[in-house]
Structures are given as structure tokens and as C-alpha cells.
file run08.txt (compact mmCIF, N, CA and C atoms)
# COMPACT_ATOMS: atom_id res chain seq x y z
N MET A 1 58.33 70.30 109.47
CA MET A 1 57.00 70.11 110.01
C MET A 1 57.00 68.86 110.89
N PRO A 2 56.45 68.95 112.07
CA PRO A 2 56.38 67.78 112.95
C PRO A 2 55.58 66.65 112.30
N ILE A 3 56.02 65.43 112.51
CA ILE A 3 55.39 64.27 111.90
C ILE A 3 53.93 64.13 112.30
N GLU A 4 53.59 64.51 113.55
CA GLU A 4 52.20 64.40 114.00
C GLU A 4 51.29 65.33 113.20
N GLN A 5 51.80 66.53 112.91
CA GLN A 5 51.01 67.49 112.15
C GLN A 5 50.86 67.02 110.70
N ALA A 6 51.92 66.50 110.12
CA ALA A 6 51.86 65.99 108.75
C ALA A 6 50.85 64.85 108.67
N ARG A 7 50.91 63.96 109.62
CA ARG A 7 49.97 62.82 109.64
C ARG A 7 48.54 63.31 109.77
N ARG A 8 48.31 64.33 110.58
CA ARG A 8 46.95 64.86 110.78
C ARG A 8 46.39 65.42 109.48
N PHE A 9 47.20 66.18 108.76
CA PHE A 9 46.71 66.76 107.50
C PHE A 9 46.45 65.68 106.46
N MET A 10 47.36 64.70 106.34
CA MET A 10 47.13 63.67 105.34
C MET A 10 45.95 62.77 105.74
N GLU A 11 45.76 62.55 107.02
CA GLU A 11 44.58 61.78 107.46
C GLU A 11 43.29 62.52 107.08
N ALA A 12 43.29 63.83 107.21
CA ALA A 12 42.11 64.61 106.81
C ALA A 12 41.87 64.48 105.31
N ALA A 13 42.92 64.49 104.53
CA ALA A 13 42.79 64.31 103.08
C ALA A 13 42.30 62.90 102.76
N LEU A 14 42.80 61.91 103.49
CA LEU A 14 42.34 60.52 103.29
C LEU A 14 40.86 60.38 103.64
N ASP A 15 40.38 61.08 104.66
CA ASP A 15 38.95 61.06 104.99
C ASP A 15 38.13 61.61 103.82
N LEU A 16 38.62 62.66 103.20
CA LEU A 16 37.92 63.22 102.03
C LEU A 16 37.93 62.23 100.87
N ALA A 17 39.04 61.51 100.70
CA ALA A 17 39.11 60.49 99.65
C ALA A 17 38.09 59.38 99.91
N ARG A 18 37.94 59.00 101.16
CA ARG A 18 36.94 57.97 101.51
C ARG A 18 35.53 58.47 101.20
N GLU A 19 35.27 59.74 101.44
CA GLU A 19 33.96 60.32 101.10
C GLU A 19 33.73 60.25 99.60
N ALA A 20 34.77 60.55 98.82
CA ALA A 20 34.64 60.47 97.37
C ALA A 20 34.32 59.04 96.94
N ALA A 21 35.01 58.07 97.50
CA ALA A 21 34.78 56.67 97.16
C ALA A 21 33.34 56.26 97.50
N ALA A 22 32.86 56.68 98.66
CA ALA A 22 31.50 56.35 99.07
C ALA A 22 30.47 56.93 98.10
N ALA A 23 30.82 58.02 97.43
CA ALA A 23 29.93 58.66 96.45
C ALA A 23 30.14 58.09 95.04
N GLY A 24 31.02 57.09 94.91
CA GLY A 24 31.25 56.49 93.60
C GLY A 24 32.29 57.21 92.76
N GLU A 25 33.01 58.15 93.37
CA GLU A 25 34.06 58.90 92.68
C GLU A 25 35.41 58.25 92.99
N VAL A 26 36.40 58.47 92.12
CA VAL A 26 37.74 57.99 92.39
C VAL A 26 38.19 58.59 93.72
N PRO A 27 38.70 57.76 94.64
CA PRO A 27 39.01 58.25 95.99
C PRO A 27 40.27 59.10 96.08
N VAL A 28 40.09 60.38 95.85
CA VAL A 28 41.16 61.35 96.01
C VAL A 28 40.61 62.48 96.87
N GLY A 29 41.39 62.87 97.86
CA GLY A 29 41.01 63.98 98.73
C GLY A 29 42.15 64.97 98.82
N ALA A 30 41.82 66.23 99.05
CA ALA A 30 42.84 67.28 99.12
C ALA A 30 42.42 68.35 100.10
N LEU A 31 43.42 69.03 100.65
CA LEU A 31 43.12 70.19 101.47
C LEU A 31 44.23 71.22 101.32
N VAL A 32 43.86 72.46 101.54
CA VAL A 32 44.80 73.58 101.51
C VAL A 32 44.95 74.07 102.94
N VAL A 33 46.21 74.26 103.34
CA VAL A 33 46.54 74.69 104.69
C VAL A 33 47.34 75.98 104.62
N LYS A 34 46.96 76.94 105.46
CA LYS A 34 47.72 78.20 105.58
C LYS A 34 47.92 78.47 107.06
N ASP A 35 49.15 78.69 107.44
CA ASP A 35 49.50 78.98 108.83
C ASP A 35 48.93 77.94 109.80
N GLY A 36 48.96 76.67 109.39
CA GLY A 36 48.52 75.58 110.24
C GLY A 36 47.04 75.33 110.29
N ALA A 37 46.25 76.13 109.55
CA ALA A 37 44.79 75.98 109.55
C ALA A 37 44.31 75.51 108.17
N ILE A 38 43.36 74.60 108.17
CA ILE A 38 42.77 74.13 106.91
C ILE A 38 41.80 75.19 106.42
N ILE A 39 42.04 75.69 105.20
CA ILE A 39 41.17 76.73 104.64
C ILE A 39 40.45 76.27 103.37
N GLY A 40 40.75 75.07 102.91
CA GLY A 40 40.08 74.54 101.73
C GLY A 40 40.09 73.02 101.76
N ARG A 41 38.95 72.43 101.41
CA ARG A 41 38.82 70.97 101.36
C ARG A 41 38.23 70.60 100.02
N GLY A 42 38.65 69.43 99.54
CA GLY A 42 38.09 68.96 98.28
C GLY A 42 38.16 67.45 98.18
N ALA A 43 37.15 66.90 97.56
CA ALA A 43 37.10 65.48 97.23
C ALA A 43 36.74 65.40 95.75
N ASN A 44 37.23 64.38 95.09
CA ASN A 44 36.89 64.22 93.67
C ASN A 44 35.38 64.24 93.50
N ARG A 45 34.90 64.98 92.48
CA ARG A 45 33.47 65.01 92.18
C ARG A 45 33.15 65.29 90.72
N PRO A 46 33.98 64.81 89.78
CA PRO A 46 33.65 65.06 88.37
C PRO A 46 32.34 64.42 87.94
N ILE A 47 32.04 63.23 88.46
CA ILE A 47 30.80 62.55 88.07
C ILE A 47 29.60 63.29 88.63
N ALA A 48 29.60 63.54 89.92
CA ALA A 48 28.46 64.21 90.57
C ALA A 48 28.25 65.62 90.03
N GLY A 49 29.35 66.31 89.76
CA GLY A 49 29.24 67.69 89.30
C GLY A 49 29.16 67.85 87.80
N HIS A 50 29.21 66.72 87.07
CA HIS A 50 29.25 66.79 85.60
C HIS A 50 30.31 67.80 85.16
N ASP A 51 31.47 67.67 85.80
CA ASP A 51 32.54 68.64 85.61
C ASP A 51 33.89 67.92 85.55
N PRO A 52 34.50 67.81 84.39
CA PRO A 52 35.77 67.10 84.28
C PRO A 52 36.91 67.78 85.04
N THR A 53 36.73 69.02 85.45
CA THR A 53 37.78 69.72 86.21
C THR A 53 37.59 69.60 87.72
N ALA A 54 36.58 68.91 88.17
CA ALA A 54 36.26 68.84 89.60
C ALA A 54 37.12 67.80 90.33
N HIS A 55 38.43 67.90 90.14
CA HIS A 55 39.36 67.06 90.88
C HIS A 55 39.49 67.62 92.30
N ALA A 56 39.91 66.75 93.22
CA ALA A 56 39.99 67.14 94.63
C ALA A 56 40.86 68.38 94.82
N GLU A 57 42.00 68.44 94.13
CA GLU A 57 42.90 69.58 94.28
C GLU A 57 42.24 70.88 93.85
N ILE A 58 41.54 70.83 92.74
CA ILE A 58 40.86 72.02 92.21
C ILE A 58 39.78 72.48 93.19
N MET A 59 39.01 71.52 93.70
CA MET A 59 37.94 71.87 94.64
C MET A 59 38.52 72.51 95.91
N ALA A 60 39.61 71.96 96.42
CA ALA A 60 40.24 72.51 97.64
C ALA A 60 40.81 73.90 97.37
N MET A 61 41.45 74.08 96.22
CA MET A 61 42.01 75.40 95.90
C MET A 61 40.92 76.44 95.67
N ARG A 62 39.81 76.03 95.06
CA ARG A 62 38.69 76.97 94.87
C ARG A 62 38.16 77.45 96.22
N GLU A 63 37.97 76.51 97.14
CA GLU A 63 37.46 76.89 98.46
C GLU A 63 38.44 77.79 99.20
N ALA A 64 39.74 77.46 99.12
CA ALA A 64 40.75 78.28 99.79
C ALA A 64 40.83 79.67 99.18
N ALA A 65 40.75 79.77 97.87
CA ALA A 65 40.80 81.08 97.21
C ALA A 65 39.60 81.93 97.60
N THR A 66 38.44 81.31 97.68
CA THR A 66 37.24 82.02 98.13
C THR A 66 37.42 82.48 99.57
N HIS A 67 37.94 81.60 100.41
CA HIS A 67 38.18 81.94 101.82
C HIS A 67 39.11 83.15 101.95
N LEU A 68 40.18 83.16 101.14
CA LEU A 68 41.16 84.25 101.22
C LEU A 68 40.75 85.48 100.40
N GLY A 69 39.81 85.31 99.48
CA GLY A 69 39.39 86.42 98.64
C GLY A 69 40.40 86.80 97.59
N THR A 70 41.15 85.81 97.10
CA THR A 70 42.18 86.06 96.09
C THR A 70 42.39 84.82 95.24
N ASP A 71 42.98 85.02 94.07
CA ASP A 71 43.27 83.87 93.22
C ASP A 71 44.65 83.28 93.48
N ARG A 72 45.44 83.92 94.30
CA ARG A 72 46.79 83.46 94.62
C ARG A 72 46.82 82.86 96.01
N LEU A 73 47.31 81.65 96.09
CA LEU A 73 47.38 80.95 97.38
C LEU A 73 48.81 80.94 97.90
N THR A 74 49.42 82.09 97.83
CA THR A 74 50.79 82.29 98.30
C THR A 74 50.89 81.92 99.78
N GLY A 75 51.91 81.16 100.12
CA GLY A 75 52.10 80.76 101.51
C GLY A 75 51.24 79.60 101.94
N CYS A 76 50.52 79.00 101.01
CA CYS A 76 49.64 77.87 101.33
C CYS A 76 50.29 76.55 100.93
N ASP A 77 49.90 75.51 101.63
CA ASP A 77 50.33 74.15 101.33
C ASP A 77 49.13 73.37 100.81
N LEU A 78 49.38 72.48 99.86
CA LEU A 78 48.34 71.59 99.35
C LEU A 78 48.69 70.17 99.73
N TRP A 79 47.75 69.50 100.37
CA TRP A 79 47.88 68.10 100.76
C TRP A 79 46.91 67.30 99.92
N VAL A 80 47.40 66.29 99.21
CA VAL A 80 46.52 65.49 98.35
C VAL A 80 46.95 64.03 98.43
N THR A 81 45.99 63.14 98.32
CA THR A 81 46.26 61.72 98.50
C THR A 81 46.92 61.06 97.30
N LEU A 82 46.89 61.69 96.14
CA LEU A 82 47.44 61.12 94.92
C LEU A 82 48.26 62.17 94.18
N GLU A 83 49.34 61.76 93.57
CA GLU A 83 50.16 62.65 92.75
C GLU A 83 49.27 63.40 91.75
N PRO A 84 49.34 64.71 91.71
CA PRO A 84 48.48 65.49 90.82
C PRO A 84 48.71 65.20 89.33
N CYS A 85 47.62 65.31 88.57
CA CYS A 85 47.67 65.18 87.12
C CYS A 85 48.18 66.50 86.52
N ALA A 86 48.31 66.54 85.21
CA ALA A 86 48.83 67.74 84.54
C ALA A 86 47.92 68.95 84.77
N MET A 87 46.60 68.76 84.72
CA MET A 87 45.69 69.88 84.93
C MET A 87 45.86 70.45 86.34
N CYS A 88 45.91 69.57 87.32
CA CYS A 88 46.03 70.03 88.70
C CYS A 88 47.40 70.63 88.98
N ALA A 89 48.44 70.04 88.41
CA ALA A 89 49.79 70.60 88.59
C ALA A 89 49.85 72.00 87.99
N GLY A 90 49.23 72.21 86.85
CA GLY A 90 49.19 73.54 86.26
C GLY A 90 48.45 74.53 87.15
N ALA A 91 47.34 74.09 87.73
CA ALA A 91 46.58 74.96 88.63
C ALA A 91 47.38 75.27 89.89
N ILE A 92 48.14 74.30 90.38
CA ILE A 92 48.99 74.50 91.56
C ILE A 92 50.01 75.60 91.27
N ALA A 93 50.60 75.54 90.08
CA ALA A 93 51.57 76.57 89.69
C ALA A 93 50.91 77.93 89.57
N HIS A 94 49.75 77.99 88.92
CA HIS A 94 49.05 79.27 88.76
C HIS A 94 48.62 79.85 90.09
N ALA A 95 48.25 79.00 91.03
CA ALA A 95 47.81 79.46 92.35
C ALA A 95 48.97 79.88 93.25
N ARG A 96 50.18 79.51 92.85
CA ARG A 96 51.40 79.82 93.62
C ARG A 96 51.43 79.08 94.96
N ILE A 97 50.96 77.84 94.96
CA ILE A 97 51.04 76.99 96.15
C ILE A 97 52.51 76.89 96.56
N ALA A 98 52.80 77.05 97.83
CA ALA A 98 54.19 77.02 98.31
C ALA A 98 54.75 75.61 98.39
N ARG A 99 53.96 74.69 98.97
CA ARG A 99 54.42 73.32 99.16
C ARG A 99 53.31 72.35 98.79
N LEU A 100 53.69 71.29 98.07
CA LEU A 100 52.78 70.22 97.69
C LEU A 100 53.20 68.96 98.43
N TYR A 101 52.26 68.38 99.16
CA TYR A 101 52.48 67.11 99.85
C TYR A 101 51.49 66.12 99.25
N TYR A 102 51.98 64.96 98.81
CA TYR A 102 51.04 63.97 98.28
C TYR A 102 51.36 62.58 98.77
N GLY A 103 50.35 61.72 98.70
CA GLY A 103 50.47 60.35 99.18
C GLY A 103 51.01 59.41 98.13
N ALA A 104 50.11 58.77 97.38
CA ALA A 104 50.50 57.76 96.40
C ALA A 104 50.99 58.38 95.10
N SER A 105 51.97 57.75 94.51
CA SER A 105 52.44 58.14 93.18
C SER A 105 51.43 57.64 92.15
N ASP A 106 51.41 58.27 90.99
CA ASP A 106 50.51 57.88 89.91
C ASP A 106 51.30 57.74 88.61
N PRO A 107 51.88 56.55 88.37
CA PRO A 107 52.70 56.36 87.17
C PRO A 107 51.94 56.57 85.85
N LYS A 108 50.62 56.36 85.85
CA LYS A 108 49.84 56.53 84.61
C LYS A 108 49.38 57.96 84.38
N GLY A 109 48.92 58.62 85.42
CA GLY A 109 48.31 59.93 85.23
C GLY A 109 48.99 61.08 85.95
N GLY A 110 50.00 60.79 86.74
CA GLY A 110 50.67 61.84 87.49
C GLY A 110 51.51 62.73 86.59
N ALA A 111 51.71 63.95 87.04
CA ALA A 111 52.49 64.91 86.24
C ALA A 111 53.55 65.63 87.06
N VAL A 112 53.85 65.09 88.25
CA VAL A 112 54.85 65.70 89.11
C VAL A 112 56.14 64.89 89.06
N GLU A 113 56.06 63.62 89.47
CA GLU A 113 57.24 62.76 89.38
C GLU A 113 57.15 61.81 88.18
N HIS A 114 56.02 61.79 87.53
CA HIS A 114 55.80 60.95 86.34
C HIS A 114 55.34 61.83 85.18
N GLY A 115 55.19 61.20 84.02
CA GLY A 115 54.66 61.91 82.86
C GLY A 115 55.45 63.16 82.54
N PRO A 116 54.78 64.28 82.37
CA PRO A 116 55.47 65.50 81.93
C PRO A 116 56.35 66.16 82.98
N ARG A 117 56.27 65.71 84.24
CA ARG A 117 57.07 66.33 85.32
C ARG A 117 56.98 67.86 85.20
N LEU A 118 55.78 68.33 85.31
CA LEU A 118 55.47 69.72 85.00
C LEU A 118 56.35 70.74 85.71
N PHE A 119 56.66 70.50 86.98
CA PHE A 119 57.43 71.49 87.73
C PHE A 119 58.90 71.53 87.32
N GLU A 120 59.33 70.59 86.50
CA GLU A 120 60.70 70.60 85.99
C GLU A 120 60.82 71.29 84.63
N GLN A 121 59.70 71.68 84.06
CA GLN A 121 59.73 72.31 82.74
C GLN A 121 60.23 73.75 82.83
N PRO A 122 61.06 74.16 81.88
CA PRO A 122 61.61 75.52 81.94
C PRO A 122 60.56 76.62 81.77
N THR A 123 59.41 76.27 81.20
CA THR A 123 58.38 77.28 80.95
C THR A 123 57.42 77.47 82.12
N ILE A 124 57.54 76.63 83.15
CA ILE A 124 56.63 76.77 84.29
C ILE A 124 57.03 78.01 85.09
N HIS A 125 56.06 78.80 85.48
CA HIS A 125 56.36 80.07 86.13
C HIS A 125 56.45 79.99 87.65
N HIS A 126 56.04 78.87 88.24
CA HIS A 126 56.14 78.72 89.69
C HIS A 126 56.34 77.24 90.00
N ARG A 127 57.27 76.96 90.91
CA ARG A 127 57.56 75.59 91.32
C ARG A 127 57.40 75.47 92.83
N PRO A 128 56.41 74.71 93.27
CA PRO A 128 56.29 74.51 94.72
C PRO A 128 57.36 73.53 95.20
N GLU A 129 57.62 73.56 96.48
CA GLU A 129 58.40 72.47 97.08
C GLU A 129 57.50 71.24 97.01
N VAL A 130 58.07 70.08 96.72
CA VAL A 130 57.27 68.87 96.55
C VAL A 130 57.76 67.77 97.50
N TYR A 131 56.81 67.16 98.22
CA TYR A 131 57.10 66.07 99.14
C TYR A 131 56.10 64.94 98.87
N GLY A 132 56.57 63.84 98.33
CA GLY A 132 55.69 62.72 98.01
C GLY A 132 55.86 61.57 98.98
N GLY A 133 54.94 60.61 98.89
CA GLY A 133 55.03 59.39 99.67
C GLY A 133 54.51 59.49 101.09
N ILE A 134 53.74 60.52 101.42
CA ILE A 134 53.21 60.69 102.77
C ILE A 134 51.94 59.85 102.91
N CYS A 135 51.95 58.91 103.83
CA CYS A 135 50.84 57.96 104.00
C CYS A 135 50.55 57.24 102.68
N GLU A 136 51.60 56.96 101.95
CA GLU A 136 51.48 56.37 100.61
C GLU A 136 50.72 55.05 100.62
N ASP A 137 51.01 54.18 101.58
CA ASP A 137 50.35 52.88 101.61
C ASP A 137 48.84 53.00 101.77
N GLU A 138 48.40 53.87 102.68
CA GLU A 138 46.97 54.05 102.91
C GLU A 138 46.29 54.63 101.67
N ALA A 139 46.92 55.60 101.04
CA ALA A 139 46.35 56.22 99.85
C ALA A 139 46.27 55.22 98.70
N ALA A 140 47.33 54.45 98.51
CA ALA A 140 47.35 53.45 97.44
C ALA A 140 46.32 52.36 97.69
N GLU A 141 46.15 51.96 98.93
CA GLU A 141 45.19 50.91 99.25
C GLU A 141 43.76 51.37 98.97
N LEU A 142 43.43 52.62 99.27
CA LEU A 142 42.10 53.15 98.93
C LEU A 142 41.83 53.03 97.43
N LEU A 143 42.81 53.40 96.63
CA LEU A 143 42.65 53.33 95.17
C LEU A 143 42.53 51.89 94.69
N LYS A 144 43.38 51.00 95.21
CA LYS A 144 43.32 49.59 94.82
C LYS A 144 41.97 48.98 95.15
N ALA A 145 41.48 49.24 96.34
CA ALA A 145 40.19 48.70 96.76
C ALA A 145 39.06 49.24 95.88
N PHE A 146 39.11 50.53 95.59
CA PHE A 146 38.08 51.15 94.76
C PHE A 146 38.04 50.53 93.38
N PHE A 147 39.17 50.46 92.71
CA PHE A 147 39.21 49.92 91.35
C PHE A 147 39.04 48.41 91.34
N GLY A 148 39.51 47.73 92.39
CA GLY A 148 39.32 46.28 92.48
C GLY A 148 37.86 45.91 92.56
N ALA A 149 37.05 46.70 93.23
CA ALA A 149 35.61 46.44 93.37
C ALA A 149 34.87 46.67 92.05
N ARG A 150 35.48 47.37 91.12
CA ARG A 150 34.83 47.68 89.84
C ARG A 150 35.26 46.74 88.72
N ARG A 151 36.18 45.86 89.00
CA ARG A 151 36.66 44.94 87.95
C ARG A 151 35.96 43.63 87.99

call {"tool": "encode", "arguments": {"input": "run08.txt", "output": "C-alpha cells"}}
result
Amino acid sequence: MPIEQARRFMEAALDLAREAAAAGEVPVGALVVKDGAIIGRGANRPIAGHDPTAHAEIMAMREAATHLGTDRLTGCDLWVTLEPCAMCAGAIAHARIARLYYGASDPKGGAVEHGPRLFEQPTIHHRPEVYGGICEDEAAELLKAFFGARR
């Protein structure tokens, strides 16, 4: 994938993360891309939605699935500003996401390169290609600023 296109998708996810932060939510943004077009967008909204499952990845995958009219997101890429948690990694596997691109690593709550490393488990039924560290500094800075303002 050309670097300009990768930067454009992650910038769009970072914009969604900024929207989440402005709403008082943890700044995580995600989007689903199929054939170069964005078909799903999501920003964290568990507080606003009174929904503990309303993570950015879930919201983006729900919108993309509705757009495609199916529960399988075969051939789709997921772009997210933070390493997915175990719940989101499980949903990524169930949705059959082809490629996962993420920004900042999450040593405490991540489940891709940290914690349970879900996609490395023998019982997982689908493993996306995984690419981390895309716009990592910008994504990490959003999180640091958000949590720093609350301490």
C-alpha cells in the first residue's frame, strides 16, 4: 500500500479519535476500508451510549457490515488508532477482517501484540494480517494528553 494512502486512512482514524476525546471518551478512532473506500467509521462511545461494547472498532465494523449487508467483512481492512483489546480482537476474527492496521501499542489492554496475543492462539479461527505502529506517535500523544488532563 502506498504510504500516502496509509497516512490518509490513519489520519481519518485519528480525526475520529479526536472527536471521541472532545466528547469525553477515550480517544480511539477506527475505520473499515474495502477496495480503497471507507465503508465504516467509529469513535469510542461507551459512555455516551451506555454500552461497554461501543469501542471504535466495533462501531466501525457495525457500520461496515450494515453497508455491505453481511456479518462477514471479508476483504476489508480495519484501521484503528490503538492496539485492539481482547473483545475487539475477537470481533475482528469473527468478522474475517483481512488486514488490521493500528497506531499505538497498548501494553495494558491490548490483545494483539500484548496480553493474550489473540491471533496467535491455536483456537482462533481467523487471523488477519497485522501491521502496527502506523502514526504511532500521534496516536500515543492523543491518549497521553487525554489522560494527562484527567489526572

call {"tool": "residues_around", "arguments": {"input": "run08.txt", "residues": "Ala60 in chain A", "least_positions_apart": "6", "cutoff": "7 Å", "atoms": "all atoms listed in the file", "output": "PyMOL selection string"}}
result
chain A and resi 30-32+39-43

call {"tool": "residues_around", "arguments": {"input": "run08.txt", "residues": "Arg8 in chain A", "least_positions_apart": "6", "cutoff": "12 Å", "atoms": "only C-alpha atoms", "output": "MDAnalysis selection string"}}
result
chainID A and resid 1:2 14:15 31 33 36:38 79 134:135

call {"tool": "closest_residue", "arguments": {"input": "run08.txt", "among": "A:Val26, A:Ile58, A:Ala111, A:Leu73", "to": "Ala91 in chain A", "atoms": "only C-alpha atoms"}}
result
A:Ile58

call {"tool": "residues_near_point", "arguments": {"input": "run08.txt", "point": "(46.4, 57.0, 97.1)", "cutoff": "5 Å", "atoms": "all atoms listed in the file", "output": "PyMOL selection string"}}
result
chain A and resi 81-82+104+139-140

call {"tool": "closest_residue", "arguments": {"input": "run08.txt", "among": "A:Arg18, A:Arg151, A:Arg96, A:Lys144", "to": "Pro128 in chain A", "atoms": "all atoms listed in the file"}}
result
A:Arg96

call {"tool": "atom_distance", "arguments": {"input": "run08.txt", "atom1": "atom N of Asp106 in chain A", "atom2": "CA of Gly24 in chain A"}}
result
20.4 Å

call {"tool": "decode", "arguments": {"input": "run08.txt", "residues": "range 120-148 of chain A", "atoms": "N, CA and C atoms", "output": "PDB file, in the first residue's frame"}}
result
ATOM      1  N   GLU A 120      -2.510 -15.267  17.863  1.00  0.00           N
ATOM      2  CA  GLU A 120      -1.514 -16.337  17.932  1.00  0.00           C
ATOM      3  C   GLU A 120      -2.063 -17.600  18.602  1.00  0.00           C
ATOM      4  N   GLN A 121      -3.271 -17.532  19.108  1.00  0.00           N
ATOM      5  CA  GLN A 121      -3.851 -18.682  19.803  1.00  0.00           C
ATOM      6  C   GLN A 121      -4.284 -19.757  18.805  1.00  0.00           C
ATOM      7  N   PRO A 122      -4.038 -21.022  19.129  1.00  0.00           N
ATOM      8  CA  PRO A 122      -4.394 -22.097  18.193  1.00  0.00           C
ATOM      9  C   PRO A 122      -5.899 -22.239  17.971  1.00  0.00           C
ATOM     10  N   THR A 123      -6.700 -21.724  18.900  1.00  0.00           N
ATOM     11  CA  THR A 123      -8.152 -21.876  18.776  1.00  0.00           C
ATOM     12  C   THR A 123      -8.821 -20.761  17.978  1.00  0.00           C
ATOM     13  N   ILE A 124      -8.053 -19.737  17.596  1.00  0.00           N
ATOM     14  CA  ILE A 124      -8.656 -18.645  16.837  1.00  0.00           C
ATOM     15  C   ILE A 124      -8.930 -19.132  15.409  1.00  0.00           C
ATOM     16  N   HIS A 125     -10.094 -18.822  14.891  1.00  0.00           N
ATOM     17  CA  HIS A 125     -10.499 -19.358  13.595  1.00  0.00           C
ATOM     18  C   HIS A 125     -10.119 -18.476  12.412  1.00  0.00           C
ATOM     19  N   HIS A 126      -9.680 -17.252  12.668  1.00  0.00           N
ATOM     20  CA  HIS A 126      -9.258 -16.369  11.575  1.00  0.00           C
ATOM     21  C   HIS A 126      -8.172 -15.438  12.098  1.00  0.00           C
ATOM     22  N   ARG A 127      -7.119 -15.271  11.315  1.00  0.00           N
ATOM     23  CA  ARG A 127      -6.009 -14.388  11.675  1.00  0.00           C
ATOM     24  C   ARG A 127      -5.812 -13.356  10.577  1.00  0.00           C
ATOM     25  N   PRO A 128      -6.061 -12.095  10.892  1.00  0.00           N
ATOM     26  CA  PRO A 128      -5.790 -11.068   9.882  1.00  0.00           C
ATOM     27  C   PRO A 128      -4.289 -10.818   9.783  1.00  0.00           C
ATOM     28  N   GLU A 129      -3.874 -10.235   8.687  1.00  0.00           N
ATOM     29  CA  GLU A 129      -2.517  -9.695   8.631  1.00  0.00           C
ATOM     30  C   GLU A 129      -2.514  -8.505   9.584  1.00  0.00           C
ATOM     31  N   VAL A 130      -1.433  -8.310  10.329  1.00  0.00           N
ATOM     32  CA  VAL A 130      -1.379  -7.249  11.331  1.00  0.00           C
ATOM     33  C   VAL A 130      -0.180  -6.338  11.065  1.00  0.00           C
ATOM     34  N   TYR A 131      -0.451  -5.021  11.065  1.00  0.00           N
ATOM     35  CA  TYR A 131       0.582  -4.008  10.871  1.00  0.00           C
ATOM     36  C   TYR A 131       0.413  -2.943  11.950  1.00  0.00           C
ATOM     37  N   GLY A 132       1.335  -2.877  12.881  1.00  0.00           N
ATOM     38  CA  GLY A 132       1.251  -1.911  13.970  1.00  0.00           C
ATOM     39  C   GLY A 132       2.227  -0.769  13.795  1.00  0.00           C
ATOM     40  N   GLY A 133       2.052   0.264  14.625  1.00  0.00           N
ATOM     41  CA  GLY A 133       2.977   1.384  14.662  1.00  0.00           C
ATOM     42  C   GLY A 133       2.751   2.443  13.603  1.00  0.00           C
ATOM     43  N   ILE A 134       1.594   2.462  12.958  1.00  0.00           N
ATOM     44  CA  ILE A 134       1.313   3.446  11.915  1.00  0.00           C
ATOM     45  C   ILE A 134       0.824   4.739  12.579  1.00  0.00           C
ATOM     46  N   CYS A 135       1.547   5.819  12.367  1.00  0.00           N
ATOM     47  CA  CYS A 135       1.255   7.101  13.029  1.00  0.00           C
ATOM     48  C   CYS A 135       1.228   6.920  14.554  1.00  0.00           C
ATOM     49  N   GLU A 136       2.096   6.062  15.031  1.00  0.00           N
ATOM     50  CA  GLU A 136       2.121   5.701  16.453  1.00  0.00           C
ATOM     51  C   GLU A 136       2.295   6.907  17.363  1.00  0.00           C
ATOM     52  N   ASP A 137       3.196   7.812  17.013  1.00  0.00           N
ATOM     53  CA  ASP A 137       3.456   8.965  17.878  1.00  0.00           C
ATOM     54  C   ASP A 137       2.218   9.838  18.037  1.00  0.00           C
ATOM     55  N   GLU A 138       1.514  10.111  16.940  1.00  0.00           N
ATOM     56  CA  GLU A 138       0.314  10.943  17.007  1.00  0.00           C
ATOM     57  C   GLU A 138      -0.774  10.267  17.837  1.00  0.00           C
ATOM     58  N   ALA A 139      -0.956   8.974  17.634  1.00  0.00           N
ATOM     59  CA  ALA A 139      -1.978   8.242  18.379  1.00  0.00           C
ATOM     60  C   ALA A 139      -1.644   8.208  19.868  1.00  0.00           C
ATOM     61  N   ALA A 140      -0.390   7.949  20.190  1.00  0.00           N
ATOM     62  CA  ALA A 140       0.028   7.895  21.595  1.00  0.00           C
ATOM     63  C   ALA A 140      -0.106   9.265  22.253  1.00  0.00           C
ATOM     64  N   GLU A 141       0.215  10.315  21.524  1.00  0.00           N
ATOM     65  CA  GLU A 141       0.132  11.667  22.091  1.00  0.00           C
ATOM     66  C   GLU A 141      -1.319  12.039  22.407  1.00  0.00           C
ATOM     67  N   LEU A 142      -2.258  11.660  21.553  1.00  0.00           N
ATOM     68  CA  LEU A 142      -3.678  11.903  21.847  1.00  0.00           C
ATOM     69  C   LEU A 142      -4.086  11.258  23.169  1.00  0.00           C
ATOM     70  N   LEU A 143      -3.670  10.021  23.367  1.00  0.00           N
ATOM     71  CA  LEU A 143      -4.008   9.303  24.598  1.00  0.00           C
ATOM     72  C   LEU A 143      -3.336   9.935  25.815  1.00  0.00           C
ATOM     73  N   LYS A 144      -2.051  10.281  25.688  1.00  0.00           N
ATOM     74  CA  LYS A 144      -1.329  10.911  26.803  1.00  0.00           C
ATOM     75  C   LYS A 144      -1.984  12.229  27.204  1.00  0.00           C
ATOM     76  N   ALA A 145      -2.318  13.038  26.227  1.00  0.00           N
ATOM     77  CA  ALA A 145      -2.944  14.327  26.508  1.00  0.00           C
ATOM     78  C   ALA A 145      -4.305  14.136  27.175  1.00  0.00           C
ATOM     79  N   PHE A 146      -5.076  13.182  26.682  1.00  0.00           N
ATOM     80  CA  PHE A 146      -6.402  12.925  27.239  1.00  0.00           C
ATOM     81  C   PHE A 146      -6.306  12.504  28.694  1.00  0.00           C
ATOM     82  N   PHE A 147      -5.482  11.522  28.991  1.00  0.00           N
ATOM     83  CA  PHE A 147      -5.370  11.027  30.365  1.00  0.00           C
ATOM     84  C   PHE A 147      -4.614  11.999  31.253  1.00  0.00           C
ATOM     85  N   GLY A 148      -3.665  12.746  30.684  1.00  0.00           N
ATOM     86  CA  GLY A 148      -2.946  13.752  31.463  1.00  0.00           C
ATOM     87  C   GLY A 148      -3.863  14.838  31.964  1.00  0.00           C
TER      88      GLY A 148
END
